[in-house]
>>> print(open('my_file-v2.txt').read())   # compact mmCIF, C-alpha atoms
# COMPACT_ATOMS: atom_id res chain seq x y z
CA MET G 347 -42.51 -47.38 132.81
CA ILE G 348 -42.74 -50.84 134.35
CA LYS G 349 -39.02 -50.78 135.20
CA GLN G 350 -39.41 -47.34 136.78
CA ALA G 351 -42.39 -48.58 138.81
CA LEU G 352 -40.44 -51.62 139.94
CA SER G 353 -37.45 -49.46 140.91
CA TYR G 354 -39.69 -47.05 142.77
CA GLY G 355 -41.48 -49.90 144.52
CA LEU G 356 -38.21 -51.55 145.49
CA GLY G 357 -36.78 -48.25 146.75
CA LEU G 358 -39.91 -47.57 148.79
CA SER G 359 -39.77 -51.07 150.24
CA LEU G 360 -36.14 -50.60 151.30
CA ILE G 361 -36.95 -47.27 152.93
CA LEU G 362 -39.91 -48.77 154.80
CA ALA G 363 -37.87 -51.81 155.83
CA SER G 364 -35.07 -49.57 157.07
CA SER G 365 -37.51 -47.42 159.04
CA GLN G 366 -39.15 -50.48 160.54
CA ALA G 367 -35.77 -51.98 161.48
CA PHE G 368 -34.78 -48.73 163.21
CA ALA G 369 -38.09 -48.61 165.06
CA GLN G 370 -37.68 -52.23 166.12
CA SER G 371 -34.14 -51.60 167.31
CA THR G 372 -35.24 -48.71 169.56
CA PRO G 373 -36.23 -50.37 172.85
CA ASP G 374 -39.50 -49.66 174.66
CA LYS G 375 -37.50 -49.31 177.88
CA LEU G 376 -33.90 -49.15 179.04
CA VAL G 377 -32.17 -50.73 182.02
CA LEU G 378 -29.48 -48.77 183.88
CA GLY G 379 -27.10 -50.92 185.92
CA MET G 380 -24.28 -50.36 188.39
CA VAL G 381 -22.31 -51.89 191.26
CA PRO G 382 -22.28 -49.92 194.52
CA SER G 383 -18.76 -48.87 195.52
CA ARG G 384 -19.91 -47.99 199.02
CA GLU G 385 -22.99 -47.84 201.26
CA ALA G 386 -25.02 -50.13 199.03
CA GLU G 387 -28.42 -49.25 200.55
CA ARG G 388 -27.89 -45.52 200.01
CA ILE G 389 -26.72 -46.12 196.46
CA VAL G 390 -29.82 -48.15 195.61
CA ASP G 391 -32.09 -45.41 196.98
CA SER G 392 -30.39 -42.78 194.81
CA LEU G 393 -30.32 -44.76 191.55
CA ASP G 394 -34.07 -44.76 190.91
CA PRO G 395 -34.39 -40.93 191.03
CA PHE G 396 -31.43 -40.66 188.65
CA ALA G 397 -33.11 -43.12 186.29
CA GLU G 398 -36.30 -41.04 186.41
CA LEU G 399 -34.40 -37.90 185.41
CA LEU G 400 -32.74 -39.80 182.56
CA SER G 401 -36.11 -41.13 181.42
CA GLU G 402 -37.55 -37.60 181.31
CA LYS G 403 -34.62 -36.44 179.19
CA ILE G 404 -34.68 -39.18 176.56
CA GLY G 405 -38.40 -39.99 176.54
CA ILE G 406 -37.96 -43.72 177.25
CA PRO G 407 -38.73 -45.47 180.57
CA VAL G 408 -35.52 -46.34 182.44
CA GLU G 409 -35.44 -49.15 184.99
CA THR G 410 -32.56 -49.94 187.34
CA PHE G 411 -30.40 -52.97 188.06
CA VAL G 412 -27.97 -53.18 190.97
CA SER G 413 -25.40 -55.98 190.75
CA THR G 414 -23.52 -57.40 193.70
CA ASP G 415 -20.29 -57.49 191.71
CA TYR G 416 -18.75 -56.30 188.45
CA THR G 417 -18.75 -59.76 186.87
CA GLY G 418 -22.53 -59.88 187.16
CA LEU G 419 -22.89 -56.44 185.60
CA VAL G 420 -20.53 -57.29 182.72
CA GLU G 421 -22.57 -60.40 181.97
CA ALA G 422 -25.83 -58.44 182.18
CA VAL G 423 -24.55 -55.96 179.58
CA GLY G 424 -23.25 -58.81 177.44
CA THR G 425 -26.61 -60.59 177.44
CA ASN G 426 -28.63 -57.39 176.78
CA ARG G 427 -30.29 -57.45 180.22
CA VAL G 428 -28.67 -54.08 180.95
CA ASP G 429 -28.54 -51.36 178.30
CA ILE G 430 -26.48 -48.73 180.17
CA GLY G 431 -23.71 -49.80 182.52
CA LEU G 432 -21.86 -47.68 185.07
CA PHE G 433 -18.50 -49.40 185.48
CA GLY G 434 -15.18 -49.15 187.22
CA PRO G 435 -12.33 -48.97 184.67
CA ALA G 436 -11.30 -52.64 184.73
CA ALA G 437 -14.83 -53.99 184.36
CA LEU G 438 -15.52 -51.37 181.68
CA VAL G 439 -12.66 -52.72 179.58
CA GLU G 440 -13.96 -56.26 180.04
CA ALA G 441 -17.44 -55.26 178.88
CA VAL G 442 -15.97 -53.54 175.80
CA ASP G 443 -13.54 -56.32 174.87
CA ARG G 444 -15.77 -59.33 175.57
CA TYR G 445 -19.15 -58.02 174.49
CA GLY G 446 -18.62 -55.03 172.22
CA ALA G 447 -20.02 -52.47 174.65
CA LYS G 448 -19.37 -48.84 173.69
CA VAL G 449 -17.83 -46.26 176.03
CA ILE G 450 -19.82 -43.02 175.98
CA LEU G 451 -18.74 -41.09 179.10
CA ALA G 452 -16.11 -40.79 181.79
CA SER G 453 -16.88 -39.59 185.28
CA VAL G 454 -15.44 -36.26 186.40
CA ARG G 455 -14.16 -35.74 189.93
CA ARG G 456 -12.60 -32.51 191.12
CA GLY G 457 -12.35 -31.42 187.48
CA SER G 458 -10.41 -34.51 186.40
CA THR G 459 -11.21 -37.69 184.46
CA THR G 460 -8.42 -39.61 186.23
CA TYR G 461 -7.78 -40.72 189.80
CA ARG G 462 -5.42 -42.94 191.77
CA SER G 463 -5.53 -45.98 194.01
CA GLN G 464 -4.27 -45.47 197.55
CA PHE G 465 -2.89 -47.77 200.22
CA ASN G 466 -4.47 -47.31 203.64
CA ILE G 467 -2.58 -48.16 206.84
CA PRO G 468 -3.11 -47.56 210.58
CA CYS G 469 -1.72 -44.19 211.68
CA GLY G 470 1.27 -44.57 213.95
CA GLY G 471 1.54 -48.31 213.34
CA GLU G 472 4.50 -50.48 212.46
CA ILE G 473 4.23 -49.87 208.72
CA ASP G 474 6.37 -46.94 207.57
CA SER G 475 7.12 -47.91 203.95
CA PHE G 476 6.25 -50.45 201.29
CA ASP G 477 9.27 -52.46 202.44
CA ASP G 478 7.28 -53.32 205.57
CA LEU G 479 4.38 -54.96 203.73
CA LYS G 480 5.70 -58.47 203.19
CA GLY G 481 3.92 -60.92 205.48
CA LYS G 482 1.10 -58.46 206.18
CA THR G 483 -2.63 -58.89 205.61
CA ILE G 484 -4.06 -56.71 202.80
CA ALA G 485 -7.70 -56.01 201.97
CA PHE G 486 -8.61 -55.60 198.32
CA VAL G 487 -12.05 -54.63 197.06
CA ASP G 488 -13.04 -56.89 194.16
CA PRO G 489 -11.05 -58.89 191.57
CA SER G 490 -12.54 -56.71 188.82
CA SER G 491 -11.84 -53.39 190.55
CA ALA G 492 -9.11 -51.26 188.97
CA SER G 493 -8.29 -49.10 191.99
CA GLY G 494 -9.38 -51.66 194.57
CA TYR G 495 -7.26 -54.53 193.25
CA GLN G 496 -5.69 -54.57 189.80
CA PHE G 497 -3.66 -51.35 189.80
CA PRO G 498 -2.43 -51.72 193.41
CA PHE G 499 -1.55 -55.39 192.79
CA VAL G 500 0.52 -54.53 189.71
CA PHE G 501 2.04 -51.49 191.48
CA LEU G 502 3.24 -53.66 194.37
CA ARG G 503 4.65 -56.23 191.95
CA ASP G 504 6.39 -53.85 189.54
CA GLU G 505 7.50 -51.06 191.87
CA HIS G 506 8.27 -52.95 195.08
CA ASN G 507 8.80 -56.58 194.04
CA ILE G 508 5.87 -57.73 196.19
CA ASP G 509 3.55 -60.47 194.97
CA ALA G 510 0.45 -59.92 197.08
CA ASN G 511 -0.68 -63.51 196.49
CA VAL G 512 2.62 -64.93 197.75
CA ASP G 513 4.28 -62.34 199.97
CA MET G 514 1.11 -61.11 201.70
CA LYS G 515 -2.23 -62.44 202.96
CA PRO G 516 -4.91 -61.00 200.65
CA ILE G 517 -8.67 -60.88 201.24
CA PHE G 518 -11.51 -59.30 199.28
CA VAL G 519 -14.05 -57.17 201.13
CA GLY G 520 -16.39 -56.18 198.30
CA ALA G 521 -16.51 -52.37 198.54
CA HIS G 522 -14.22 -49.39 199.00
CA ASP G 523 -15.78 -48.24 202.26
CA ALA G 524 -15.35 -51.76 203.61
CA SER G 525 -11.69 -51.63 202.57
CA VAL G 526 -11.11 -48.49 204.64
CA LEU G 527 -13.12 -49.92 207.54
CA ALA G 528 -10.96 -53.03 207.54
CA VAL G 529 -7.97 -50.87 208.48
CA TYR G 530 -9.98 -48.60 210.76
CA ASN G 531 -11.22 -51.60 212.78
CA GLY G 532 -7.80 -53.25 212.85
CA ASP G 533 -8.90 -56.28 210.83
CA VAL G 534 -6.06 -55.95 208.30
CA ASP G 535 -2.65 -54.29 208.17
CA VAL G 536 -3.18 -52.44 204.89
CA SER G 537 -5.90 -52.00 202.30
CA ALA G 538 -6.36 -50.67 198.77
CA SER G 539 -9.11 -48.27 197.72
CA PHE G 540 -9.79 -45.35 195.45
CA GLU G 541 -8.44 -41.93 196.46
CA ASP G 542 -9.62 -40.77 199.05
CA ALA G 543 -12.09 -43.45 200.11
CA ARG G 544 -11.79 -42.41 203.75
CA THR G 545 -14.49 -39.84 203.00
CA THR G 546 -17.00 -42.67 202.47
CA ILE G 547 -17.02 -43.52 206.18
CA ALA G 548 -16.33 -40.05 207.60
CA ASN G 549 -19.95 -39.38 208.58
CA ASP G 550 -20.09 -42.46 210.79
CA HIS G 551 -16.42 -42.31 211.81
CA PRO G 552 -15.33 -38.65 211.97
CA ASP G 553 -11.92 -39.66 213.36
CA VAL G 554 -11.08 -41.78 210.30
CA ASN G 555 -8.24 -39.50 209.17
CA GLU G 556 -6.67 -39.79 212.61
CA LYS G 557 -6.82 -43.59 212.57
CA VAL G 558 -6.28 -44.38 208.87
CA CYS G 559 -3.30 -42.86 207.04
CA VAL G 560 -2.12 -43.13 203.44
CA LEU G 561 1.06 -45.04 202.68
CA GLY G 562 1.18 -44.08 199.00
CA TYR G 563 -0.56 -43.99 195.64
CA THR G 564 -0.47 -45.72 192.29
CA SER G 565 -0.10 -43.89 188.97
CA ASP G 566 -3.15 -42.23 187.40
CA ILE G 567 -6.12 -44.39 186.41
CA PRO G 568 -8.91 -43.30 184.03
CA ASN G 569 -12.09 -42.65 186.01
CA ASP G 570 -14.98 -45.06 185.96
CA GLY G 571 -17.19 -44.67 182.93
CA THR G 572 -20.53 -45.32 181.28
CA VAL G 573 -21.04 -47.83 178.49
CA VAL G 574 -23.99 -48.83 176.37
CA ARG G 575 -24.55 -52.38 175.20
CA ALA G 576 -23.77 -53.52 171.69
CA GLY G 577 -26.64 -52.98 169.27
CA LEU G 578 -28.13 -49.92 170.89
CA PRO G 579 -28.91 -47.33 168.16
CA GLU G 580 -26.17 -44.73 167.72
CA GLY G 581 -28.60 -41.85 168.00
CA LEU G 582 -29.98 -43.19 171.26
CA SER G 583 -26.47 -43.65 172.66
CA GLU G 584 -25.74 -40.00 171.91
CA GLN G 585 -29.02 -38.95 173.55
CA ILE G 586 -28.11 -40.89 176.69
CA ALA G 587 -24.66 -39.31 176.88
CA THR G 588 -26.00 -35.78 176.41
CA ALA G 589 -28.77 -36.37 178.94
CA MET G 590 -26.38 -37.62 181.63
CA ILE G 591 -24.07 -34.63 181.13
CA GLU G 592 -27.03 -32.24 181.40
CA ILE G 593 -28.47 -33.99 184.47
CA ALA G 594 -25.17 -33.65 186.32
CA GLU G 595 -25.23 -29.90 185.63
CA THR G 596 -28.52 -29.39 187.50
CA GLU G 597 -28.73 -28.93 191.26
CA GLU G 598 -30.86 -32.04 191.76
CA GLY G 599 -28.77 -34.10 189.37
CA LYS G 600 -25.48 -33.06 190.95
CA LYS G 601 -26.69 -34.24 194.37
CA LEU G 602 -27.62 -37.61 192.90
CA THR G 603 -24.37 -38.10 190.97
CA GLU G 604 -22.33 -37.23 194.05
CA ALA G 605 -24.37 -39.67 196.16
CA LEU G 606 -24.26 -42.41 193.52
CA PHE G 607 -20.81 -42.20 192.00
CA ASN G 608 -18.95 -39.64 194.12
CA VAL G 609 -18.59 -37.59 190.93
CA THR G 610 -19.40 -34.00 189.98
CA GLY G 611 -20.14 -34.59 186.31
CA PHE G 612 -19.60 -36.56 183.12
CA ALA G 613 -17.48 -35.89 180.04
CA PRO G 614 -17.19 -37.53 176.59
CA ILE G 615 -14.16 -39.79 176.29
CA ASP G 616 -12.51 -41.96 173.67
CA SER G 617 -12.20 -45.67 174.38
CA SER G 618 -8.42 -45.45 173.82
CA ALA G 619 -8.11 -43.59 177.14
CA TYR G 620 -8.67 -46.96 178.82
CA ASP G 621 -5.76 -48.68 177.04
CA ILE G 622 -3.64 -48.40 180.22
CA VAL G 623 -6.39 -50.22 182.10
CA ARG G 624 -6.48 -52.86 179.38
CA GLU G 625 -2.72 -53.35 179.73
CA VAL G 626 -2.93 -53.78 183.50
CA SER G 627 -5.97 -56.04 183.23
CA ARG G 628 -4.09 -58.53 181.04
CA THR G 629 -2.46 -59.76 184.24
CA PHE G 630 -5.86 -60.94 185.44
CA ARG G 631 -7.61 -61.71 182.16
CA ARG G 632 -9.42 -65.04 182.01
CA ASN G 633 -8.60 -67.16 178.98
>>> encode(input="my_file-v2.txt", output="structure tokens")
Amino acid sequence: MIKQALSYGLGLSLILASSQAFAQSTPDKLVLGMVPSREAERIVDSLDPFAELLSEKIGIPVETFVSTDYTGLVEAVGTNRVDIGLFGPAALVEAVDRYGAKVILASVRRGSTTYRSQFNIPCGGEIDSFDDLKGKTIAFVDPSSASGYQFPFVFLRDEHNIDANVDMKPIFVGAHDASVLAVYNGDVDVSASFEDARTTIANDHPDVNEKVCVLGYTSDIPNDGTVVRAGLPEGLSEQIATAMIEIAETEEGKKLTEALFNVTGFAPIDSSAYDIVREVSRTFRRN
């Protein structure tokens, strides 16, 4: 009888301890973070309403964090200051590999979970092919941007024997709209951006397609994605993923996702889909 009582007491204690640990691991609030790819002020204004919709869905307050660059957002996820991160592919891989973040969603654009990087040049200028790029000035977006730097850099190196650091004059402009504007304004000879980033400045510059043309594209890149930090409860991660998919299916949510991420929805994805990004990123990986 005593042994049975002890066993029962021990079992009850374990159950209570487990329940308490789960309760303690479920945060009182969540922080949703991202890096604007264009029109930073507009992005910031749209993120809070999206966070409110997410909060209503999962029943936990959701605050927002806007980083000036991907490195800052990776570190914020790695130090548990951000619970949900909206990343470009290269920074996503870094967050997963360095800090154990978990990929839960890929963005969907035009029905696809992949996209390409494009090279923007002045229409009717002296550049007709990639053979003309040596010695030219090129605008990249950010060192941690897949479509704005890493994939186009590797594409130039592997497909056209051009080392952008040696054979060209590279600069970083911080955002994809700024990359297109750099060509539009004549500040650089060529720039790299996501496909088709010209739409990001079309409202202010309706003649952008007449002034900025596309020289070519890289191979397919997995779309940007959503990760959750290491240690977030599995059930909560699944709730977040389901909630974001459902939000993007509503009229209000679709407007916000298009304004925020230039996407029409979200879809579940396996982390292995980003292996190609991981391979390309090794060129730039810090030791």
>>> closest_residue(input="my_file-v2.txt", among="G:Ser539, G:Ser413, G:Ser475, G:Ser392", to="Lys600 (chain G)", atoms="all atoms listed in the file")
G:Ser392
>>> closest_residue(input="my_file-v2.txt", among="G:Val573, G:Ile547, G:Leu376, G:Leu606", to="Leu432 (chain G)", atoms="all atoms listed in the file")
G:Val573
>>> closest_atom_pairs(input="my_file-v2.txt", of="region 545-601 of chain G", to="region 512-534 of chain G", cutoff="12 Å", atoms="all atoms listed in the file", output="CSV")
residue,atom,partner,partner_atom,distance
G:Thr545,CA,G:Asp523,CA,8.5
G:Thr546,CA,G:Asp523,CA,5.7
G:Ile547,CA,G:Asp523,CA,6.3
G:Ala548,CA,G:Asp523,CA,9.8
G:Asn549,CA,G:Asp523,CA,11.7
G:Asp550,CA,G:Leu527,CA,10.7
G:His551,CA,G:Tyr530,CA,9.1
G:Pro552,CA,G:Tyr530,CA,11.4
G:Asp553,CA,G:Tyr530,CA,9.5
G:Val554,CA,G:Tyr530,CA,6.9
G:Asn555,CA,G:Tyr530,CA,9.4
G:Glu556,CA,G:Tyr530,CA,9.6
G:Lys557,CA,G:Tyr530,CA,6.2
G:Val558,CA,G:Tyr530,CA,5.9
G:Cys559,CA,G:Val529,CA,9.4
G:Val560,CA,G:Val526,CA,10.5
>>> residues_around(input="my_file-v2.txt", residues="Asp474 (chain G)", least_positions_apart="2", cutoff="12 Å", atoms="all atoms listed in the file", output="CSV table (one decimal) with C-alpha atoms, in the frame of the given file")
chain,number,residue,atom,x,y,z
G,465,PHE,CA,-2.9,-47.8,200.2
G,466,ASN,CA,-4.5,-47.3,203.6
G,467,ILE,CA,-2.6,-48.2,206.8
G,468,PRO,CA,-3.1,-47.6,210.6
G,469,CYS,CA,-1.7,-44.2,211.7
G,470,GLY,CA,1.3,-44.6,214.0
G,471,GLY,CA,1.5,-48.3,213.3
G,472,GLU,CA,4.5,-50.5,212.5
G,476,PHE,CA,6.2,-50.4,201.3
G,477,ASP,CA,9.3,-52.5,202.4
G,478,ASP,CA,7.3,-53.3,205.6
G,479,LEU,CA,4.4,-55.0,203.7
G,535,ASP,CA,-2.6,-54.3,208.2
G,536,VAL,CA,-3.2,-52.4,204.9
G,559,CYS,CA,-3.3,-42.9,207.0
G,560,VAL,CA,-2.1,-43.1,203.4
G,561,LEU,CA,1.1,-45.0,202.7
G,562,GLY,CA,1.2,-44.1,199.0
>>> residues_near_point(input="my_file-v2.txt", point="(-29.9, -37.9, 176.9)", cutoff="9 Å", atoms="only C-alpha atoms", output="PyMOL selection string")
chain G and resi 400-405+582-593
>>> write_last_selection(input="my_file-v2.txt", atoms="C-alpha atoms", output="compact mmCIF listing (two decimals), keeping the file's coordinate frame")
# COMPACT_ATOMS: atom_id res chain seq x y z
CA LEU G 400 -32.74 -39.80 182.56
CA SER G 401 -36.11 -41.13 181.42
CA GLU G 402 -37.55 -37.60 181.31
CA LYS G 403 -34.62 -36.44 179.19
CA ILE G 404 -34.68 -39.18 176.56
CA GLY G 405 -38.40 -39.99 176.54
CA LEU G 582 -29.98 -43.19 171.26
CA SER G 583 -26.47 -43.65 172.66
CA GLU G 584 -25.74 -40.00 171.91
CA GLN G 585 -29.02 -38.95 173.55
CA ILE G 586 -28.11 -40.89 176.69
CA ALA G 587 -24.66 -39.31 176.88
CA THR G 588 -26.00 -35.78 176.41
CA ALA G 589 -28.77 -36.37 178.94
CA MET G 590 -26.38 -37.62 181.63
CA ILE G 591 -24.07 -34.63 181.13
CA GLU G 592 -27.03 -32.24 181.40
CA ILE G 593 -28.47 -33.99 184.47
>>> axis_aligned_box(input="my_file-v2.txt", around="region 469-476 of chain G", padding_each_side="6 Å", output="JSON")
{"center_x": 2.7, "center_y": -47.3, "center_z": 207.6, "size_x": 20.8, "size_y": 18.3, "size_z": 24.7}
>>> closest_residue(input="my_file-v2.txt", among="G:Ile484, G:Ala605, G:Ala437, G:Ala613", to="Pro395 (chain G)", atoms="all atoms listed in the file")
G:Ala605
>>> build_atoms(input="my_file-v2.txt", residues="region 496-513 of chain G", atoms="N, CA, C and O atoms", output="PDB file, in the coordinates of the input")
ATOM      1  N   GLN G 496      -6.609 -54.321 190.902  1.00  0.00           N
ATOM      2  CA  GLN G 496      -5.690 -54.570 189.800  1.00  0.00           C
ATOM      3  C   GLN G 496      -4.511 -53.611 189.758  1.00  0.00           C
ATOM      4  O   GLN G 496      -3.350 -54.041 189.654  1.00  0.00           O
ATOM      5  N   PHE G 497      -4.762 -52.311 189.829  1.00  0.00           N
ATOM      6  CA  PHE G 497      -3.660 -51.350 189.800  1.00  0.00           C
ATOM      7  C   PHE G 497      -2.769 -51.461 191.037  1.00  0.00           C
ATOM      8  O   PHE G 497      -1.533 -51.467 190.913  1.00  0.00           O
ATOM      9  N   PRO G 498      -3.322 -51.554 192.252  1.00  0.00           N
ATOM     10  CA  PRO G 498      -2.430 -51.720 193.410  1.00  0.00           C
ATOM     11  C   PRO G 498      -1.651 -53.027 193.390  1.00  0.00           C
ATOM     12  O   PRO G 498      -0.488 -53.066 193.804  1.00  0.00           O
ATOM     13  N   PHE G 499      -2.252 -54.108 192.880  1.00  0.00           N
ATOM     14  CA  PHE G 499      -1.550 -55.390 192.790  1.00  0.00           C
ATOM     15  C   PHE G 499      -0.334 -55.261 191.879  1.00  0.00           C
ATOM     16  O   PHE G 499       0.785 -55.673 192.224  1.00  0.00           O
ATOM     17  N   VAL G 500      -0.558 -54.685 190.685  1.00  0.00           N
ATOM     18  CA  VAL G 500       0.520 -54.530 189.710  1.00  0.00           C
ATOM     19  C   VAL G 500       1.564 -53.533 190.237  1.00  0.00           C
ATOM     20  O   VAL G 500       2.774 -53.715 190.035  1.00  0.00           O
ATOM     21  N   PHE G 501       1.118 -52.475 190.906  1.00  0.00           N
ATOM     22  CA  PHE G 501       2.040 -51.490 191.480  1.00  0.00           C
ATOM     23  C   PHE G 501       2.964 -52.161 192.501  1.00  0.00           C
ATOM     24  O   PHE G 501       4.193 -51.944 192.475  1.00  0.00           O
ATOM     25  N   LEU G 502       2.416 -52.972 193.385  1.00  0.00           N
ATOM     26  CA  LEU G 502       3.240 -53.660 194.370  1.00  0.00           C
ATOM     27  C   LEU G 502       4.245 -54.592 193.692  1.00  0.00           C
ATOM     28  O   LEU G 502       5.421 -54.660 194.080  1.00  0.00           O
ATOM     29  N   ARG G 503       3.786 -55.281 192.667  1.00  0.00           N
ATOM     30  CA  ARG G 503       4.650 -56.230 191.950  1.00  0.00           C
ATOM     31  C   ARG G 503       5.767 -55.529 191.192  1.00  0.00           C
ATOM     32  O   ARG G 503       6.945 -55.902 191.304  1.00  0.00           O
ATOM     33  N   ASP G 504       5.416 -54.487 190.430  1.00  0.00           N
ATOM     34  CA  ASP G 504       6.390 -53.850 189.540  1.00  0.00           C
ATOM     35  C   ASP G 504       7.283 -52.830 190.236  1.00  0.00           C
ATOM     36  O   ASP G 504       8.452 -52.666 189.879  1.00  0.00           O
ATOM     37  N   GLU G 505       6.741 -52.129 191.222  1.00  0.00           N
ATOM     38  CA  GLU G 505       7.500 -51.060 191.870  1.00  0.00           C
ATOM     39  C   GLU G 505       8.208 -51.504 193.142  1.00  0.00           C
ATOM     40  O   GLU G 505       9.224 -50.903 193.532  1.00  0.00           O
ATOM     41  N   HIS G 506       7.704 -52.561 193.775  1.00  0.00           N
ATOM     42  CA  HIS G 506       8.270 -52.950 195.080  1.00  0.00           C
ATOM     43  C   HIS G 506       8.568 -54.452 195.186  1.00  0.00           C
ATOM     44  O   HIS G 506       8.873 -54.932 196.286  1.00  0.00           O
ATOM     45  N   ASN G 507       8.456 -55.154 194.061  1.00  0.00           N
ATOM     46  CA  ASN G 507       8.800 -56.580 194.040  1.00  0.00           C
ATOM     47  C   ASN G 507       8.027 -57.367 195.097  1.00  0.00           C
ATOM     48  O   ASN G 507       8.557 -58.257 195.765  1.00  0.00           O
ATOM     49  N   ILE G 508       6.738 -57.038 195.236  1.00  0.00           N
ATOM     50  CA  ILE G 508       5.870 -57.730 196.190  1.00  0.00           C
ATOM     51  C   ILE G 508       4.748 -58.409 195.425  1.00  0.00           C
ATOM     52  O   ILE G 508       3.958 -57.746 194.740  1.00  0.00           O
ATOM     53  N   ASP G 509       4.670 -59.719 195.534  1.00  0.00           N
ATOM     54  CA  ASP G 509       3.550 -60.470 194.970  1.00  0.00           C
ATOM     55  C   ASP G 509       2.531 -60.632 196.092  1.00  0.00           C
ATOM     56  O   ASP G 509       2.741 -61.400 197.030  1.00  0.00           O
ATOM     57  N   ALA G 510       1.426 -59.915 195.988  1.00  0.00           N
ATOM     58  CA  ALA G 510       0.450 -59.920 197.080  1.00  0.00           C
ATOM     59  C   ALA G 510      -0.139 -61.300 197.333  1.00  0.00           C
ATOM     60  O   ALA G 510      -0.575 -61.592 198.449  1.00  0.00           O
ATOM     61  N   ASN G 511      -0.144 -62.154 196.314  1.00  0.00           N
ATOM     62  CA  ASN G 511      -0.680 -63.510 196.490  1.00  0.00           C
ATOM     63  C   ASN G 511       0.303 -64.435 197.210  1.00  0.00           C
ATOM     64  O   ASN G 511      -0.108 -65.444 197.783  1.00  0.00           O
ATOM     65  N   VAL G 512       1.576 -64.080 197.174  1.00  0.00           N
ATOM     66  CA  VAL G 512       2.620 -64.930 197.750  1.00  0.00           C
ATOM     67  C   VAL G 512       3.231 -64.305 199.002  1.00  0.00           C
ATOM     68  O   VAL G 512       3.381 -64.963 200.034  1.00  0.00           O
ATOM     69  N   ASP G 513       3.551 -63.017 198.899  1.00  0.00           N
ATOM     70  CA  ASP G 513       4.280 -62.340 199.970  1.00  0.00           C
ATOM     71  C   ASP G 513       3.366 -61.719 201.018  1.00  0.00           C
ATOM     72  O   ASP G 513       3.844 -61.250 202.064  1.00  0.00           O
TER      73      ASP G 513
END
